[in-house]
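Novice: Below are the structure tokens for one structure; questions will follow.
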Amino acid sequence: MSDRRAVITGIGVVAPTGIGVVEHWEGSLTGRSRIGPVTSFDATGAPIGLAGEVTGFDEREFVDSKLLVQTDRWTWFALAATELALADAALDPAREDPFDLSVVTAGASGGNAFGQREIQALWSKGPRAVSAYQSIGWFYAASSGQLSIKHQLKGACGVLVADAAGAIDALAEAARLIRRGTEVVVTGGTEAPLSPYALACQAGEAKAGRGSDPAVASPAYRPFAPDAGGHVPGEGGAMLIVEDRHSALGRGAPTVYAEIAGTASTHDAHHVADPAPGHRQYARAMREAIARAGLGPDDVGVVFADGAGDPVRDAQELAALREVFGGRRVPVTVPKTMTGRLCSGGAALDVAWAALSLTGGVIPPTVVTSGTAGSAVVEGVDLVTEARVVNGLSAALVVARGSGGFNSAAVLTAV
């Protein structure tokens with residue numbers, strides 16, 4: 001079935017930049033940061049005070065009351081984003097053969113708030129106070145499981161765990177399933193890692209979120225800045241509907257956003273916490289994704305970078321880009337500077353941004369502060385700091401790295 005081509009026909013977004021694809025895209029092009037003080041709980045004394053929060057989200061619009069008590073906010077996001085993506089694709093799962101429908105999500109942080117609440121109940125009230133749903137509410141596969149039940153997705157179902165790189169790996173698996181004969185795959189990732197316990201777990205890396213004022217935090221989340229000191233966490237993500245191109249066109253899909261032309265993943269095989277000493281495996285993932293798409297580096301019109309916000313990892317990413325693209329100043333953007341890093345939801349949101357860019361011919365911007373744009377460390381790349389219209393944009397490279405040595409890359413092409 002090598003003639004089957006995996007395309008994205010539906011996008012559902014629940015993110016700091018907006019809920020729904022239209023609100024998200026319009027909000028993204030403004031270049032306004034949604035990072036601010038944590039408001040979902042009293043963060044006084046918390047190790048992290050800044051984050052990208054999803055506002056205006058009412059889970060009761062997407063999740064029935066019975067399911068609400070069984071699941072965590074990250075799964076609510078996934079259920080909502082999937083419903084939005086299905087509507088965007090004009091696809092009703094109830095009208096399809098359930099064994100032709102699959103779901104593959106990415107997970108990294110899990111149901112932190114749910115788990116924290118139940119642990120607190122255990123220690124304050126005893127084991128009988130712990131919900132029977134504790135065993136499934138926090139679990140990495142919770143979203144895949146609940147989505148498969150709700151929409152009767154009885155084909156291959158699973159979850160991939162690779163920290164921030166996981167959603168690209170899930171996208172790759174979705175493309176493989178389409179090529180092997182599956183008709184529709186729901187894929188992507190969402191996260192809600194902003195509970196007190198979750199923020200404590202992230203405090204070692206999310207150093208930029210330790211202040212409480214996004215204008216004066218020292219330093220702010222500034223990928224590729226010489227004095228970058230970490231990232232700001234965020235919540236949300238995106239879910240995507242992936243189909244065979246011929247089938248999608250045959251059923252009259254309203255929009256075919258992009259083709260998943262090539263994917264690749266590598267691993268640094270290094271210390272679980274420290275970054276690898278070099279960038280070779282990261283560059284290899286980029287090269288292989290481009291080659292598997294049947295393209296060359298000169299065909300790539302934009303790179304959606306990982307943007308770790310850490311000087312060591314940023315320098316490695318720039319070195320990898322220079323190795324792959326040579327002397328060419330390839331346009332590079334990090335729109336997640338508007339939302340913060342969303343764990344496994346970040347790469348899913350980047351894929352959504354890339355697909356929308358290919359459809360609309362506009363690259364969303366990197367939000368920068370003093371000291372980022374024009375610094376020596378970004379020499380060799382064209383950092384996009386304002387929404388940029390590009391005629392003939394035909395291919396986008398999305399890359400992501402995850403703690404523990406994960407490197408993933410995907411090439412999307414215009415259809």
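Every chain in the structure tokens has a letter given in the order shown (A, B, ...), and although residue numbers restart at 1 in each chain, ligands are simply numbered from 1 in the order shown.
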Could you list, as number ranges by chain, every residue within 9 Å of Leu160 (chain A), counting only C-alpha atoms and ignoring same-chain residues fewer than 4 positions away?
Specialist: A: 104-108, 140-141, 166-167, 169-170
Novice: As an MDAnalysis selection string, list the residues of region 1-36 of chain A assigned to helix (DSSP H, G or I) by DSSP on the backbone atoms of this structure.
Specialist: chainID A and resid 21:29
Novice: In Å, rounded to a single decimal, give me how far CA of Trp138 (chain A) is from CA of Leu240 (chain A).
Specialist: 22.4 Å
Novice: Could you name the residues that touch region 401-405 of chain A at 8 Å or less, counting only C-alpha atoms, but leaving out those on the same chain fewer than 2 positions away, as a PyMOL selection string?
Specialist: chain A and resi 162-166+267-276+306+399+407-408
Novice: Please list as a PyMOL selection string every residue within 8 Å of region 248-257 of chain A, counting only C-alpha atoms and excluding residues in the same chain fewer than 6 positions away.
Specialist: chain A and resi 7-10+88-91+355-356+358-359+414-415
Novice: Per DSSP on the backbone, what are the strand (DSSP E) residues of region 58-150 of chain A, as a list in words?
Specialist: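 Here are the strand (DSSP E) residues of region 58-150 of chain A: Leu101, Ser102, Val103, Val104, Thr105 and Ala106 of chain A.
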Novice: Now that the selection is made, can you save its residues with all heavy atoms as a PDB file, in the first residue's frame?
Specialist:
```pdb
ATOM      1  N   LEU A 101     -10.701   2.916  12.330  1.00  0.00           N
ATOM      2  CA  LEU A 101     -10.364   4.142  13.049  1.00  0.00           C
ATOM      3  C   LEU A 101      -9.388   3.823  14.173  1.00  0.00           C
ATOM      4  O   LEU A 101      -9.594   2.898  14.955  1.00  0.00           O
ATOM      5  CB  LEU A 101     -11.623   4.784  13.640  1.00  0.00           C
ATOM      6  CG  LEU A 101     -12.819   4.972  12.699  1.00  0.00           C
ATOM      7  CD1 LEU A 101     -13.989   5.563  13.466  1.00  0.00           C
ATOM      8  CD2 LEU A 101     -12.442   5.851  11.516  1.00  0.00           C
ATOM      9  N   SER A 102      -8.315   4.632  14.264  1.00  0.00           N
ATOM     10  CA  SER A 102      -7.285   4.409  15.275  1.00  0.00           C
ATOM     11  C   SER A 102      -7.004   5.692  16.041  1.00  0.00           C
ATOM     12  O   SER A 102      -7.375   6.788  15.602  1.00  0.00           O
ATOM     13  CB  SER A 102      -5.979   3.913  14.632  1.00  0.00           C
ATOM     14  OG  SER A 102      -6.132   2.611  14.105  1.00  0.00           O
ATOM     15  N   VAL A 103      -6.325   5.562  17.166  1.00  0.00           N
ATOM     16  CA  VAL A 103      -5.884   6.721  17.937  1.00  0.00           C
ATOM     17  C   VAL A 103      -4.496   6.436  18.494  1.00  0.00           C
ATOM     18  O   VAL A 103      -4.241   5.374  19.054  1.00  0.00           O
ATOM     19  CB  VAL A 103      -6.869   7.077  19.075  1.00  0.00           C
ATOM     20  CG1 VAL A 103      -7.129   5.895  19.997  1.00  0.00           C
ATOM     21  CG2 VAL A 103      -6.353   8.256  19.883  1.00  0.00           C
ATOM     22  N   VAL A 104      -3.588   7.390  18.285  1.00  0.00           N
ATOM     23  CA  VAL A 104      -2.230   7.311  18.831  1.00  0.00           C
ATOM     24  C   VAL A 104      -1.888   8.682  19.384  1.00  0.00           C
ATOM     25  O   VAL A 104      -1.815   9.659  18.640  1.00  0.00           O
ATOM     26  CB  VAL A 104      -1.185   6.905  17.763  1.00  0.00           C
ATOM     27  CG1 VAL A 104       0.192   6.787  18.405  1.00  0.00           C
ATOM     28  CG2 VAL A 104      -1.573   5.597  17.090  1.00  0.00           C
ATOM     29  N   THR A 105      -1.709   8.778  20.689  1.00  0.00           N
ATOM     30  CA  THR A 105      -1.374  10.049  21.305  1.00  0.00           C
ATOM     31  C   THR A 105       0.034  10.000  21.895  1.00  0.00           C
ATOM     32  O   THR A 105       0.662   8.950  21.969  1.00  0.00           O
ATOM     33  CB  THR A 105      -2.365  10.411  22.422  1.00  0.00           C
ATOM     34  OG1 THR A 105      -2.260   9.441  23.478  1.00  0.00           O
ATOM     35  CG2 THR A 105      -3.788  10.453  21.902  1.00  0.00           C
ATOM     36  N   ALA A 106       0.491  11.155  22.314  1.00  0.00           N
ATOM     37  CA  ALA A 106       1.757  11.271  23.042  1.00  0.00           C
ATOM     38  C   ALA A 106       1.451  11.667  24.474  1.00  0.00           C
ATOM     39  O   ALA A 106       0.519  12.427  24.733  1.00  0.00           O
ATOM     40  CB  ALA A 106       2.663  12.304  22.386  1.00  0.00           C
TER      41      ALA A 106
END
```
Novice: Nearest residue to Trp76 (chain A) out of A:Val63, A:Cys201, A:Ala51, A:Ala156, using only C-alpha atoms?
Specialist: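 Using only C-alpha atoms, Trp76 (chain A) sits closest to A:Val63.
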Novice: Between CA of Ala285 (chain A) and CA of Ala264 (chain A), what is the distance, to one decimal in Å?
Specialist: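 Between these atoms lies a distance of 5.2 Å.
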Novice: When distances are computed from only C-alpha atoms, which of A:Ala6, A:Ala228, A:Ile48, A:Ala132 shows the smallest separation from Arg179 (chain A)?
Specialist: A:Ala6
Novice: Each residue of region 343-394 of chain A lying at most 6 Å from region 186-192 of chain A should get a row with its shortest atom-to-atom pair and the distance in Å to one decimal, counting only C-alpha atoms; could you produce that, ordered by chain and increasing number, as JSON lines?
Specialist:
```
{"residue": "A:Ser344", "atom": "CA", "partner": "A:Gly189", "partner_atom": "CA", "distance": 5.6}
{"residue": "A:Gly345", "atom": "CA", "partner": "A:Thr190", "partner_atom": "CA", "distance": 4.3}
{"residue": "A:Ala348", "atom": "CA", "partner": "A:Gly188", "partner_atom": "CA", "distance": 5.2}
```
Novice: Counting only C-alpha atoms, figure out which residue out of A:Ala396, A:Ala81, A:Val389, A:Ala308 gets nearest to Gly340 (chain A).
Specialist: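 Comparing A:Ala396, A:Ala81, A:Val389, A:Ala308 against Gly340 (chain A), the winner is A:Ala308.
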Novice: Could you state the separation of CA of Gln120 (chain A) and CA of Pro16 (chain A) in Å, given to one decimal place?
Specialist: 28.5 Å
